[in-house]
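Chemist: I am sharing coords-v3.txt, which consists of compact mmCIF, C-alpha atoms:
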# COMPACT_ATOMS: atom_id res chain seq x y z
CA MET A 2 -122.30 112.35 -64.39
CA ILE A 3 -123.14 109.73 -61.73
CA ARG A 4 -125.34 110.93 -58.85
CA TYR A 5 -126.09 108.89 -55.71
CA LEU A 6 -129.54 109.56 -54.32
CA LYS A 7 -129.01 106.85 -51.70
CA GLU A 8 -125.86 105.07 -50.47
CA GLY A 9 -125.27 101.99 -48.31
CA VAL A 10 -122.83 101.19 -45.51
CA SER A 11 -119.14 101.83 -45.91
CA GLU A 12 -116.63 99.22 -47.04
CA GLU A 13 -114.83 99.68 -43.70
CA LYS A 14 -117.92 98.60 -41.74
CA ALA A 15 -118.37 95.55 -43.96
CA ALA A 16 -114.70 94.59 -43.48
CA THR A 17 -115.04 94.75 -39.68
CA ASP A 18 -118.01 92.40 -39.79
CA ASP A 19 -116.09 89.99 -42.02
CA ALA A 20 -113.19 89.82 -39.54
CA LYS A 21 -115.50 88.74 -36.71
CA VAL A 22 -116.97 85.96 -38.83
CA ARG A 23 -113.53 84.78 -39.90
CA ALA A 24 -112.30 84.19 -36.35
CA THR A 25 -115.44 82.27 -35.36
CA VAL A 26 -115.22 79.97 -38.37
CA GLU A 27 -111.53 79.23 -37.81
CA ASP A 28 -112.32 77.93 -34.33
CA ILE A 29 -115.24 75.79 -35.51
CA LEU A 30 -113.31 74.14 -38.34
CA ALA A 31 -110.36 73.40 -36.05
CA ASP A 32 -112.71 71.71 -33.60
CA ILE A 33 -114.31 69.56 -36.34
CA GLU A 34 -110.91 68.52 -37.64
CA LYS A 35 -109.79 67.54 -34.15
CA ARG A 36 -112.89 65.84 -32.76
CA GLY A 37 -114.95 64.85 -35.80
CA ASP A 38 -118.46 63.63 -35.01
CA ALA A 39 -118.30 64.78 -31.40
CA ALA A 40 -117.63 68.36 -32.48
CA VAL A 41 -120.31 68.24 -35.15
CA ARG A 42 -122.90 67.02 -32.66
CA ALA A 43 -121.97 69.65 -30.08
CA LEU A 44 -122.17 72.40 -32.70
CA SER A 45 -125.51 71.14 -33.99
CA GLU A 46 -126.91 71.12 -30.45
CA LYS A 47 -125.56 74.63 -29.83
CA PHE A 48 -126.69 76.33 -33.03
CA ASP A 49 -129.71 74.29 -34.16
CA ARG A 50 -130.78 72.50 -30.97
CA TRP A 51 -130.65 69.32 -33.05
CA SER A 52 -129.07 66.03 -31.92
CA PRO A 53 -130.71 63.02 -33.60
CA ALA A 54 -129.46 59.45 -33.31
CA SER A 55 -128.07 59.85 -36.84
CA PHE A 56 -127.67 63.01 -38.90
CA ARG A 57 -127.99 60.93 -42.06
CA LEU A 58 -131.57 60.18 -43.10
CA SER A 59 -132.62 56.60 -43.78
CA THR A 60 -134.83 55.51 -46.67
CA ASP A 61 -137.79 55.44 -44.29
CA ASP A 62 -137.00 58.95 -43.06
CA ILE A 63 -136.95 60.22 -46.65
CA ARG A 64 -140.20 58.46 -47.50
CA ALA A 65 -141.86 60.08 -44.50
CA CYS A 66 -140.94 63.48 -45.92
CA TYR A 67 -142.70 62.63 -49.19
CA ASP A 68 -145.79 61.71 -47.19
CA GLU A 69 -145.85 65.19 -45.64
CA LEU A 70 -146.06 66.97 -49.00
CA ASP A 71 -149.14 67.33 -51.11
CA PRO A 72 -148.98 66.05 -54.72
CA GLN A 73 -148.90 69.57 -56.17
CA ALA A 74 -145.76 70.44 -54.19
CA ILE A 75 -144.03 67.30 -55.45
CA GLU A 76 -145.09 68.10 -59.02
CA ASP A 77 -143.79 71.66 -58.67
CA ILE A 78 -140.42 70.36 -57.48
CA ARG A 79 -140.35 67.90 -60.38
CA PHE A 80 -141.10 70.69 -62.88
CA ALA A 81 -138.38 72.98 -61.51
CA GLN A 82 -135.80 70.20 -61.51
CA GLU A 83 -136.64 69.28 -65.08
CA GLN A 84 -135.92 72.85 -66.18
CA VAL A 85 -132.58 72.87 -64.34
CA ARG A 86 -131.70 69.40 -65.66
CA THR A 87 -132.54 70.30 -69.26
CA PHE A 88 -130.39 73.44 -69.29
CA ALA A 89 -127.54 71.67 -67.46
CA GLN A 90 -127.62 68.86 -70.02
CA HIS A 91 -127.31 71.36 -72.86
CA GLN A 92 -124.32 72.86 -71.06
CA ARG A 93 -122.79 69.40 -70.59
CA ASP A 94 -123.28 68.60 -74.26
CA ALA A 95 -121.32 71.75 -75.14
CA LEU A 96 -118.23 70.39 -73.34
CA LYS A 97 -116.35 68.29 -75.87
CA ASP A 98 -113.28 66.12 -75.50
CA VAL A 99 -110.47 67.19 -77.82
CA GLU A 100 -107.74 65.25 -79.61
CA VAL A 101 -105.67 66.87 -82.34
CA GLU A 102 -102.36 66.24 -84.12
CA THR A 103 -100.57 69.57 -83.79
CA LEU A 104 -97.35 68.41 -85.49
CA PRO A 105 -96.63 65.17 -87.37
CA GLY A 106 -96.52 62.55 -84.62
CA VAL A 107 -97.61 64.90 -81.82
CA VAL A 108 -101.10 64.21 -80.51
CA LEU A 109 -102.54 66.50 -77.82
CA GLY A 110 -105.91 66.22 -76.19
CA HIS A 111 -108.10 66.89 -73.23
CA LYS A 112 -110.79 64.89 -71.46
CA ASN A 113 -113.66 66.26 -69.40
CA ILE A 114 -113.71 64.16 -66.22
CA PRO A 115 -116.35 64.52 -63.49
CA MET A 116 -115.21 64.83 -59.90
CA ASN A 117 -115.60 61.73 -57.75
CA SER A 118 -117.54 63.28 -54.88
CA VAL A 119 -119.31 66.55 -54.12
CA GLY A 120 -121.00 67.93 -51.02
CA CYS A 121 -124.02 70.20 -51.62
CA TYR A 122 -125.11 72.58 -48.89
CA VAL A 123 -128.74 73.71 -48.97
CA PRO A 124 -129.61 76.63 -46.67
CA GLY A 125 -132.74 76.15 -44.64
CA GLY A 126 -132.50 77.72 -41.21
CA LYS A 127 -134.42 80.93 -41.98
CA TYR A 128 -136.19 79.92 -45.19
CA PRO A 129 -136.29 76.31 -46.45
CA LEU A 130 -134.52 77.02 -49.75
CA VAL A 131 -135.80 74.07 -51.76
CA ALA A 132 -134.44 75.50 -55.01
CA SER A 133 -130.83 75.21 -53.85
CA ALA A 134 -131.17 71.43 -53.95
CA HIS A 135 -132.06 71.61 -57.64
CA MET A 136 -129.20 73.92 -58.47
CA SER A 137 -126.46 71.87 -56.85
CA VAL A 138 -127.50 68.21 -56.75
CA VAL A 139 -129.21 68.06 -60.15
CA THR A 140 -126.33 69.87 -61.84
CA ALA A 141 -123.69 67.65 -60.23
CA LYS A 142 -125.55 64.54 -61.33
CA VAL A 143 -125.87 65.81 -64.91
CA ALA A 144 -122.11 66.37 -64.83
CA GLY A 145 -121.67 62.69 -63.95
CA VAL A 146 -120.46 62.94 -60.34
CA PRO A 147 -120.90 59.42 -58.87
CA ARG A 148 -121.21 60.44 -55.20
CA VAL A 149 -123.25 63.52 -54.38
CA ILE A 150 -124.11 64.13 -50.74
CA ALA A 151 -126.37 66.88 -49.49
CA ALA A 152 -126.92 68.61 -46.16
CA ALA A 153 -129.50 71.09 -44.88
CA PRO A 154 -130.25 72.30 -41.36
CA PRO A 155 -133.39 71.30 -39.51
CA PHE A 156 -136.37 73.62 -39.90
CA ASP A 157 -138.68 74.14 -36.92
CA GLY A 158 -136.86 71.38 -35.07
CA ARG A 159 -137.08 68.61 -37.68
CA PRO A 160 -136.02 67.78 -41.25
CA ALA A 161 -137.54 70.20 -43.75
CA PRO A 162 -139.77 67.88 -45.81
CA ALA A 163 -139.66 69.86 -49.05
CA ILE A 164 -135.86 70.17 -48.98
CA VAL A 165 -135.42 66.47 -48.27
CA VAL A 166 -137.78 65.51 -51.09
CA ALA A 167 -135.99 67.89 -53.47
CA MET A 168 -132.60 66.42 -52.54
CA ASP A 169 -133.88 62.90 -53.08
CA MET A 170 -135.61 63.67 -56.39
CA ALA A 171 -132.44 65.41 -57.55
CA GLY A 172 -130.45 62.22 -57.00
CA ALA A 173 -128.52 62.82 -53.76
CA ASP A 174 -126.75 59.63 -52.64
CA GLU A 175 -126.62 60.64 -48.96
CA ILE A 176 -128.85 63.17 -47.18
CA TYR A 177 -127.89 64.77 -43.87
CA VAL A 178 -129.93 67.04 -41.63
CA LEU A 179 -127.08 69.23 -40.54
CA GLY A 180 -126.61 72.97 -40.84
CA GLY A 181 -124.10 75.77 -40.96
CA VAL A 182 -120.34 75.55 -40.66
CA GLN A 183 -120.62 72.14 -39.01
CA ALA A 184 -122.25 70.72 -42.15
CA VAL A 185 -119.74 72.25 -44.53
CA GLY A 186 -116.82 71.29 -42.29
CA ALA A 187 -118.00 67.71 -41.86
CA MET A 188 -118.46 67.18 -45.59
CA ALA A 189 -115.12 68.77 -46.49
CA LEU A 190 -112.93 67.41 -43.70
CA GLY A 191 -114.76 64.15 -43.04
CA THR A 192 -115.67 62.63 -39.69
CA GLN A 193 -115.95 59.13 -38.30
CA THR A 194 -119.32 58.71 -40.03
CA ILE A 195 -119.13 61.08 -43.02
CA ALA A 196 -116.58 60.38 -45.75
CA PRO A 197 -115.00 63.59 -47.06
CA VAL A 198 -115.79 64.99 -50.50
CA ASP A 199 -113.65 66.64 -53.16
CA MET A 200 -115.74 69.78 -53.57
CA ILE A 201 -118.27 71.84 -51.60
CA VAL A 202 -120.98 73.83 -53.36
CA GLY A 203 -124.06 75.79 -52.47
CA PRO A 204 -125.01 79.15 -50.96
CA GLY A 205 -125.30 79.97 -47.27
CA ASN A 206 -125.00 82.70 -44.68
CA ALA A 207 -121.81 84.63 -43.93
CA PHE A 208 -120.45 81.82 -41.75
CA VAL A 209 -121.01 79.16 -44.42
CA ALA A 210 -119.41 81.39 -47.04
CA GLU A 211 -116.39 81.98 -44.80
CA ALA A 212 -116.08 78.25 -44.09
CA LYS A 213 -115.92 77.56 -47.82
CA ARG A 214 -113.28 80.26 -48.22
CA GLN A 215 -111.13 78.77 -45.48
CA LEU A 216 -111.53 75.23 -46.81
CA PHE A 217 -110.68 76.18 -50.39
CA GLY A 218 -107.49 74.41 -51.40
CA ARG A 219 -108.17 71.38 -49.24
CA VAL A 220 -111.33 70.93 -51.30
CA GLY A 221 -112.69 72.71 -54.31
CA ILE A 222 -115.57 75.15 -53.98
CA ASP A 223 -118.01 76.54 -56.52
CA LEU A 224 -117.22 80.18 -55.75
CA PHE A 225 -116.78 82.70 -52.95
CA ALA A 226 -120.26 83.82 -51.98
CA GLY A 227 -121.51 86.67 -49.86
CA PRO A 228 -124.97 88.10 -49.21
CA THR A 229 -127.41 88.07 -52.11
CA GLU A 230 -127.04 91.10 -54.39
CA THR A 231 -129.41 92.58 -56.94
CA LEU A 232 -128.98 95.41 -59.40
CA VAL A 233 -132.01 96.76 -61.23
CA ILE A 234 -131.15 98.71 -64.39
CA ALA A 235 -134.20 100.65 -65.53
CA ASP A 236 -135.31 103.62 -67.59
CA GLU A 237 -138.54 105.54 -68.01
CA THR A 238 -140.21 102.65 -69.86
CA VAL A 239 -141.05 101.00 -66.51
CA ASP A 240 -142.57 102.27 -63.29
CA GLY A 241 -141.50 102.57 -59.67
CA GLU A 242 -143.85 99.85 -58.46
CA LEU A 243 -142.16 97.20 -60.60
CA CYS A 244 -138.66 98.40 -59.70
CA ALA A 245 -139.47 98.44 -55.98
CA ALA A 246 -140.91 94.92 -56.09
CA ASP A 247 -137.79 93.61 -57.78
CA LEU A 248 -135.46 95.34 -55.32
CA LEU A 249 -137.32 94.14 -52.23
CA GLY A 250 -137.76 90.65 -53.64
CA GLN A 251 -134.03 90.14 -53.23
CA ALA A 252 -133.51 92.35 -50.16
CA GLU A 253 -135.65 89.89 -48.19
CA HIS A 254 -132.81 87.34 -48.39
CA GLY A 255 -131.01 88.98 -45.48
CA THR A 256 -130.54 92.22 -43.61
CA ASN A 257 -127.17 92.71 -45.35
CA SER A 258 -128.35 92.01 -48.92
CA PRO A 259 -127.52 94.94 -51.22
CA ALA A 260 -130.27 96.09 -53.60
CA VAL A 261 -129.30 98.79 -56.09
CA LEU A 262 -131.31 100.80 -58.61
CA LEU A 263 -129.33 102.16 -61.56
CA THR A 264 -131.26 104.45 -63.87
CA ASN A 265 -130.98 107.37 -66.25
CA SER A 266 -134.26 108.81 -64.97
CA GLU A 267 -134.24 110.79 -61.74
CA LYS A 268 -138.04 110.80 -61.86
CA LEU A 269 -138.10 106.97 -61.84
CA ALA A 270 -135.46 106.92 -59.10
CA ARG A 271 -137.55 109.05 -56.76
CA GLU A 272 -140.76 107.21 -57.60
CA THR A 273 -139.03 103.91 -56.82
CA MET A 274 -137.71 105.14 -53.48
CA ALA A 275 -141.20 106.23 -52.47
CA GLU A 276 -142.68 102.96 -53.69
CA VAL A 277 -140.14 100.94 -51.70
CA GLU A 278 -141.29 102.66 -48.53
CA ARG A 279 -144.93 101.97 -49.38
CA GLN A 280 -144.35 98.29 -50.15
CA LEU A 281 -142.38 97.84 -46.94
CA THR A 282 -145.55 98.65 -45.01
CA ILE A 283 -147.30 95.60 -46.49
CA LEU A 284 -144.48 93.15 -47.27
CA PRO A 285 -144.57 90.16 -44.85
CA THR A 286 -140.77 89.96 -44.89
CA ALA A 287 -140.27 93.68 -44.25
CA ASP A 288 -138.42 92.92 -41.01
CA THR A 289 -135.58 91.64 -43.19
CA ALA A 290 -136.00 93.60 -46.40
CA GLY A 291 -136.40 96.93 -44.60
CA PRO A 292 -133.04 96.94 -42.81
CA ALA A 293 -131.35 95.62 -45.97
CA TRP A 294 -132.74 98.52 -47.98
CA ARG A 295 -132.01 101.06 -45.26
CA ASP A 296 -128.40 100.00 -44.70
CA TYR A 297 -127.32 98.53 -48.04
CA GLY A 298 -129.70 99.90 -50.67
CA GLN A 299 -128.43 102.35 -53.26
CA VAL A 300 -130.03 104.53 -55.92
CA ILE A 301 -127.73 105.75 -58.68
CA VAL A 302 -128.66 108.09 -61.53
CA CYS A 303 -126.59 108.21 -64.72
CA ASP A 304 -126.84 110.31 -67.86
CA SER A 305 -126.65 107.61 -70.53
CA TYR A 306 -126.75 103.89 -71.29
CA GLU A 307 -122.98 103.99 -71.74
CA GLU A 308 -122.48 105.42 -68.25
CA MET A 309 -124.93 102.86 -66.85
CA VAL A 310 -122.91 100.02 -68.39
CA ARG A 311 -119.64 101.34 -66.92
CA THR A 312 -121.24 101.75 -63.51
CA ALA A 313 -122.89 98.32 -63.62
CA ASP A 314 -119.62 96.64 -64.58
CA GLY A 315 -117.95 98.37 -61.65
CA ILE A 316 -120.61 97.06 -59.28
CA ALA A 317 -120.31 93.54 -60.79
CA SER A 318 -123.57 92.45 -59.17
CA GLU A 319 -124.74 88.88 -58.65
CA HIS A 320 -128.16 89.49 -60.25
CA VAL A 321 -128.74 92.18 -62.86
CA GLN A 322 -132.30 92.85 -63.95
CA VAL A 323 -132.55 95.02 -67.06
CA MET A 324 -135.84 96.82 -67.71
CA THR A 325 -135.09 99.34 -70.43
CA ARG A 326 -136.16 100.23 -73.93
CA ASP A 327 -133.30 98.10 -75.32
CA PRO A 328 -132.32 95.32 -72.87
CA ASN A 329 -130.07 93.67 -75.45
CA TYR A 330 -127.77 96.70 -75.34
CA PHE A 331 -126.72 95.58 -71.85
CA LEU A 332 -126.38 91.95 -72.94
CA GLU A 333 -124.06 93.04 -75.73
CA ASN A 334 -122.00 95.51 -73.70
CA MET A 335 -121.86 94.41 -70.06
CA THR A 336 -119.01 92.13 -68.97
CA ASN A 337 -119.30 91.80 -65.17
CA TYR A 338 -122.41 90.08 -63.81
CA GLY A 339 -123.54 86.80 -62.33
CA ALA A 340 -126.74 86.50 -64.37
CA LEU A 341 -128.76 88.85 -66.55
CA PHE A 342 -132.55 89.03 -66.55
CA LEU A 343 -133.55 90.82 -69.73
CA GLY A 344 -136.84 92.66 -69.95
CA GLU A 345 -139.62 93.39 -67.50
CA GLU A 346 -141.31 90.07 -68.36
CA THR A 347 -138.69 88.08 -66.43
CA ASN A 348 -137.18 88.61 -62.99
CA VAL A 349 -134.61 87.27 -60.55
CA SER A 350 -137.17 85.11 -58.76
CA TYR A 351 -137.65 83.05 -61.93
CA GLY A 352 -133.92 82.35 -61.96
CA ASP A 353 -133.85 81.67 -58.23
CA LYS A 354 -136.63 79.11 -58.26
CA VAL A 355 -137.65 77.51 -61.52
CA ILE A 356 -136.62 78.69 -64.98
CA GLY A 357 -133.50 76.53 -65.31
CA THR A 358 -130.44 78.79 -65.10
CA ASN A 359 -128.43 78.24 -61.93
CA HIS A 360 -129.01 80.54 -58.96
CA THR A 361 -125.64 80.00 -57.24
CA LEU A 362 -123.84 83.08 -58.53
CA PRO A 363 -120.77 85.25 -57.76
CA THR A 364 -121.06 88.07 -55.23
CA LYS A 365 -118.74 90.71 -53.77
CA LYS A 366 -117.46 91.66 -57.24
CA ALA A 367 -116.35 88.09 -58.02
CA ALA A 368 -118.29 88.43 -61.29
CA ARG A 369 -115.18 90.22 -62.56
CA TYR A 370 -113.44 86.85 -62.84
CA THR A 371 -115.98 84.03 -62.61
CA GLY A 372 -119.45 83.02 -63.60
CA GLY A 373 -121.83 81.07 -61.42
CA LEU A 374 -122.32 77.40 -60.68
CA TRP A 375 -122.87 75.32 -63.81
CA VAL A 376 -122.26 71.78 -64.94
CA GLY A 377 -118.66 72.62 -65.90
CA LYS A 378 -117.77 73.43 -62.28
CA PHE A 379 -118.09 69.73 -61.48
CA ILE A 380 -115.82 68.68 -64.34
CA LYS A 381 -112.04 68.69 -64.59
CA THR A 382 -110.66 69.36 -68.06
CA CYS A 383 -107.45 67.32 -68.05
CA THR A 384 -104.89 67.28 -70.84
CA TYR A 385 -102.80 64.44 -72.23
CA GLN A 386 -100.17 63.94 -74.94
CA ARG A 387 -98.91 61.14 -77.14
CA VAL A 388 -95.74 61.41 -79.27
CA THR A 389 -94.02 59.19 -81.83
CA LYS A 390 -90.26 58.54 -81.65
CA GLU A 391 -89.62 60.76 -84.66
CA ALA A 392 -91.65 63.59 -83.18
CA SER A 393 -89.93 63.13 -79.82
CA VAL A 394 -86.59 63.90 -81.44
CA GLN A 395 -87.92 67.05 -83.10
CA VAL A 396 -89.64 68.37 -79.99
CA GLY A 397 -86.79 67.18 -77.75
CA GLU A 398 -84.19 69.28 -79.55
CA TYR A 399 -86.25 72.42 -78.99
CA CYS A 400 -86.97 71.40 -75.40
CA SER A 401 -83.29 70.78 -74.66
CA ARG A 402 -82.27 74.25 -75.81
CA LEU A 403 -85.14 75.91 -73.93
CA CYS A 404 -84.22 74.05 -70.72
CA ALA A 405 -80.62 75.19 -71.08
CA LEU A 406 -81.88 78.75 -71.50
CA GLU A 407 -83.58 78.47 -68.11
CA GLY A 408 -80.77 76.55 -66.39
CA PHE A 409 -82.85 73.41 -65.76
CA ALA A 410 -80.31 70.62 -66.18
CA GLY A 411 -82.64 67.81 -65.10
CA HIS A 412 -85.36 68.96 -67.45
CA LYS A 413 -82.77 69.17 -70.24
CA GLU A 414 -81.70 65.58 -69.67
CA GLN A 415 -85.30 64.39 -69.91
CA ALA A 416 -85.27 65.73 -73.46
CA ASP A 417 -81.69 64.76 -74.30
CA ILE A 418 -82.05 61.09 -73.35
CA ARG A 419 -84.92 60.75 -75.82
CA VAL A 420 -83.06 62.57 -78.55
CA ARG A 421 -80.13 60.18 -78.04
CA ARG A 422 -82.29 57.06 -77.97
CA TYR A 423 -84.66 57.87 -80.80
CA GLY A 424 -82.45 60.05 -82.96
CA GLY A 425 -80.12 57.30 -84.17
CA LYS A 426 -77.29 58.59 -86.28
CA ASN A 427 -78.79 62.08 -86.16
CA ALA A 428 -78.53 62.26 -82.39
CA ALA A 429 -76.47 65.14 -81.04
How would this structure read if it were set down as structure tokens?
Modeler:
Amino acid sequence: MIRYLKEGVSEEKAATDDAKVRATVEDILADIEKRGDAAVRALSEKFDRWSPASFRLSTDDIRACYDELDPQAIEDIRFAQEQVRTFAQHQRDALKDVEVETLPGVVLGHKNIPMNSVGCYVPGGKYPLVASAHMSVVTAKVAGVPRVIAAAPPFDGRPAPAIVVAMDMAGADEIYVLGGVQAVGAMALGTQTIAPVDMIVGPGNAFVAEAKRQLFGRVGIDLFAGPTETLVIADETVDGELCAADLLGQAEHGTNSPAVLLTNSEKLARETMAEVERQLTILPTADTAGPAWRDYGQVIVCDSYEEMVRTADGIASEHVQVMTRDPNYFLENMTNYGALFLGEETNVSYGDKVIGTNHTLPTKKAARYTGGLWVGKFIKTCTYQRVTKEASVQVGEYCSRLCALEGFAGHKEQADIRVRRYGGKNAA
């Protein structure tokens, strides 16, 4: 039996908040579409107090950012990007073109074709999220996208040096210091100075996520993203201190970031709740993590691993950290998650920052139908066919009858004309 020792806000409250964001974003995107650069500049001044001569950084501007970082920071960025690049390349190598003769004279195939242009948004208003540059720009470049542009908001009134360096090292072709909906809208819709892209990727706040949702269809997006989510699945083999650290480590993303403990040990559940309160008294980001835990945190106690799996699949969390006697049980049985972190030796922070798997992952139960950002998101798998005259007659006869069955006279004639031309004396 499932028991809730702590519950978060209601779905109704969350829906009300979403509606307010939706209306604001609609107005902003309409303004960008109508006025282009003028709207983008006005929005940047309003929200970021940022109005440079050019939002795009020059080579000299980028070099100045390198000069602000110490060598160890640059080496750390290089190391993280190499891990992301290596895993992305293995993923790319797993995508194979196909060509097969399915019937005599009928050749079917598909090609994996990179998109022509992608816009990568890197959040940086509250925290300069350097890692998001690795996850989007590096992965797009491994996929073979020829034009990858990247945008991040100013930090403390100027370009965030570490983000700019990460974008450049990742291979971004254009770098813009521009934040929020105005950045996403400018990249997707285009302005007088920014050529539009075919796809927008990257995490962001609720307004950025809503902008991507509204733009989907006009451009591609990686996925619908909401606040960061974490689910810790644990049993009595670990302690409350570790569980609390892993819950708060993700709750610090935002005051609406859900952090959930799922366990079959009520003792561990209560220890963790007490430990969360203790750690909040010393955590530097408690002003964010505290409200997130208070309003969105949950503690759920189940009776068995099987019940934990069913509950976890129902939650369909973005991050799922498994710290149990048999972590592989959850790998083998769970179906709905953004990414799994198996065993107490690893954690979500490794995935967020450095280990190589992508940190842009599905939220708000989207893990029921999609995985996260990966090299394949930047690639279109497009089919083709090639048919001999003899095969065209064989297939055409079937096609003609099937078109007649559906009442599609024009489709039927497409088949019939080939049967007549290529069928010779056997033509109907």
Chemist: Could you tell me how far atom CA of Asn206 of chain A lies from atom CA of Val178 of chain A, in Å and to one decimal?
Modeler: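 Answer for the atom CA of Asn206 of chain A to atom CA of Val178 of chain A separation: 16.7 Å.
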Chemist: In Å, rounded to a single decimal, give me how far atom CA of His111 of chain A is from atom CA of Arg422 of chain A.
Modeler: 28.0 Å
Chemist: Which residues are near Phe342 of chain A? Cut-off 12 Å, all atoms listed in the file, ignore same chain within fewer than 2 positions. Put them as a PyMOL selection string.
Modeler: chain A and resi 231-235+247+319-325+328-329+331-332+338-340+344-353+356+358+360
Chemist: Please list as a ChimeraX atom specification every residue within 8 Å of segment 249-266 of chain A, counting all atoms listed in the file and excluding residues in the same chain fewer than 2 positions away.
Modeler: /A:9,228-237,244-247,268-270,277,286-287,289-294,296-306,309,313,349-350
Chemist: Out of A:Glu407, A:Asp28, A:Asp417, A:Glu398, which residue has the shortest atom-to-atom distance to Gln183 of chain A when counting all atoms listed in the file?
Modeler: A:Asp28
Chemist: Rebuild segment 327-332 of chain A so that it carries all heavy atoms, then output the result as a PDB file, in the coordinates of the input.
Modeler:
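What landed in result20.pdb:
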ATOM      1  N   ASP A 327    -134.125  99.023 -74.525  1.00  0.00           N
ATOM      2  CA  ASP A 327    -133.300  98.100 -75.320  1.00  0.00           C
ATOM      3  C   ASP A 327    -132.470  97.223 -74.373  1.00  0.00           C
ATOM      4  O   ASP A 327    -131.281  97.456 -74.174  1.00  0.00           O
ATOM      5  CB  ASP A 327    -132.390  98.893 -76.258  1.00  0.00           C
ATOM      6  CG  ASP A 327    -131.535  97.995 -77.147  1.00  0.00           C
ATOM      7  OD1 ASP A 327    -131.829  96.776 -77.217  1.00  0.00           O
ATOM      8  OD2 ASP A 327    -130.581  98.504 -77.766  1.00  0.00           O
ATOM      9  N   PRO A 328    -133.064  96.181 -73.800  1.00  0.00           N
ATOM     10  CA  PRO A 328    -132.320  95.320 -72.870  1.00  0.00           C
ATOM     11  C   PRO A 328    -131.100  94.663 -73.506  1.00  0.00           C
ATOM     12  O   PRO A 328    -130.089  94.448 -72.832  1.00  0.00           O
ATOM     13  CB  PRO A 328    -133.358  94.271 -72.455  1.00  0.00           C
ATOM     14  CG  PRO A 328    -134.680  94.895 -72.726  1.00  0.00           C
ATOM     15  CD  PRO A 328    -134.474  95.766 -73.917  1.00  0.00           C
ATOM     16  N   ASN A 329    -131.184  94.349 -74.798  1.00  0.00           N
ATOM     17  CA  ASN A 329    -130.070  93.670 -75.450  1.00  0.00           C
ATOM     18  C   ASN A 329    -128.803  94.526 -75.502  1.00  0.00           C
ATOM     19  O   ASN A 329    -127.697  93.992 -75.624  1.00  0.00           O
ATOM     20  CB  ASN A 329    -130.449  93.234 -76.865  1.00  0.00           C
ATOM     21  CG  ASN A 329    -131.279  91.966 -76.860  1.00  0.00           C
ATOM     22  OD1 ASN A 329    -131.254  91.213 -75.889  1.00  0.00           O
ATOM     23  ND2 ASN A 329    -132.020  91.744 -77.923  1.00  0.00           N
ATOM     24  N   TYR A 330    -128.950  95.832 -75.392  1.00  0.00           N
ATOM     25  CA  TYR A 330    -127.770  96.700 -75.340  1.00  0.00           C
ATOM     26  C   TYR A 330    -126.875  96.298 -74.174  1.00  0.00           C
ATOM     27  O   TYR A 330    -125.642  96.272 -74.296  1.00  0.00           O
ATOM     28  CB  TYR A 330    -128.192  98.161 -75.204  1.00  0.00           C
ATOM     29  CG  TYR A 330    -127.025  99.111 -75.066  1.00  0.00           C
ATOM     30  CD1 TYR A 330    -126.374  99.616 -76.192  1.00  0.00           C
ATOM     31  CD2 TYR A 330    -126.544  99.487 -73.810  1.00  0.00           C
ATOM     32  CE1 TYR A 330    -125.290 100.473 -76.076  1.00  0.00           C
ATOM     33  CE2 TYR A 330    -125.464 100.349 -73.676  1.00  0.00           C
ATOM     34  CZ  TYR A 330    -124.839 100.833 -74.807  1.00  0.00           C
ATOM     35  OH  TYR A 330    -123.758 101.674 -74.685  1.00  0.00           O
ATOM     36  N   PHE A 331    -127.487  95.953 -73.048  1.00  0.00           N
ATOM     37  CA  PHE A 331    -126.720  95.580 -71.850  1.00  0.00           C
ATOM     38  C   PHE A 331    -126.164  94.164 -71.994  1.00  0.00           C
ATOM     39  O   PHE A 331    -125.049  93.882 -71.549  1.00  0.00           O
ATOM     40  CB  PHE A 331    -127.590  95.749 -70.618  1.00  0.00           C
ATOM     41  CG  PHE A 331    -127.955  97.184 -70.365  1.00  0.00           C
ATOM     42  CD1 PHE A 331    -129.078  97.742 -70.970  1.00  0.00           C
ATOM     43  CD2 PHE A 331    -127.164  97.993 -69.581  1.00  0.00           C
ATOM     44  CE1 PHE A 331    -129.403  99.080 -70.773  1.00  0.00           C
ATOM     45  CE2 PHE A 331    -127.472  99.331 -69.377  1.00  0.00           C
ATOM     46  CZ  PHE A 331    -128.591  99.882 -69.983  1.00  0.00           C
ATOM     47  N   LEU A 332    -126.901  93.284 -72.648  1.00  0.00           N
ATOM     48  CA  LEU A 332    -126.380  91.950 -72.940  1.00  0.00           C
ATOM     49  C   LEU A 332    -125.140  92.027 -73.821  1.00  0.00           C
ATOM     50  O   LEU A 332    -124.162  91.307 -73.618  1.00  0.00           O
ATOM     51  CB  LEU A 332    -127.457  91.103 -73.611  1.00  0.00           C
ATOM     52  CG  LEU A 332    -127.048  89.706 -74.089  1.00  0.00           C
ATOM     53  CD1 LEU A 332    -126.627  88.829 -72.920  1.00  0.00           C
ATOM     54  CD2 LEU A 332    -128.182  89.053 -74.871  1.00  0.00           C
TER      55      LEU A 332
END
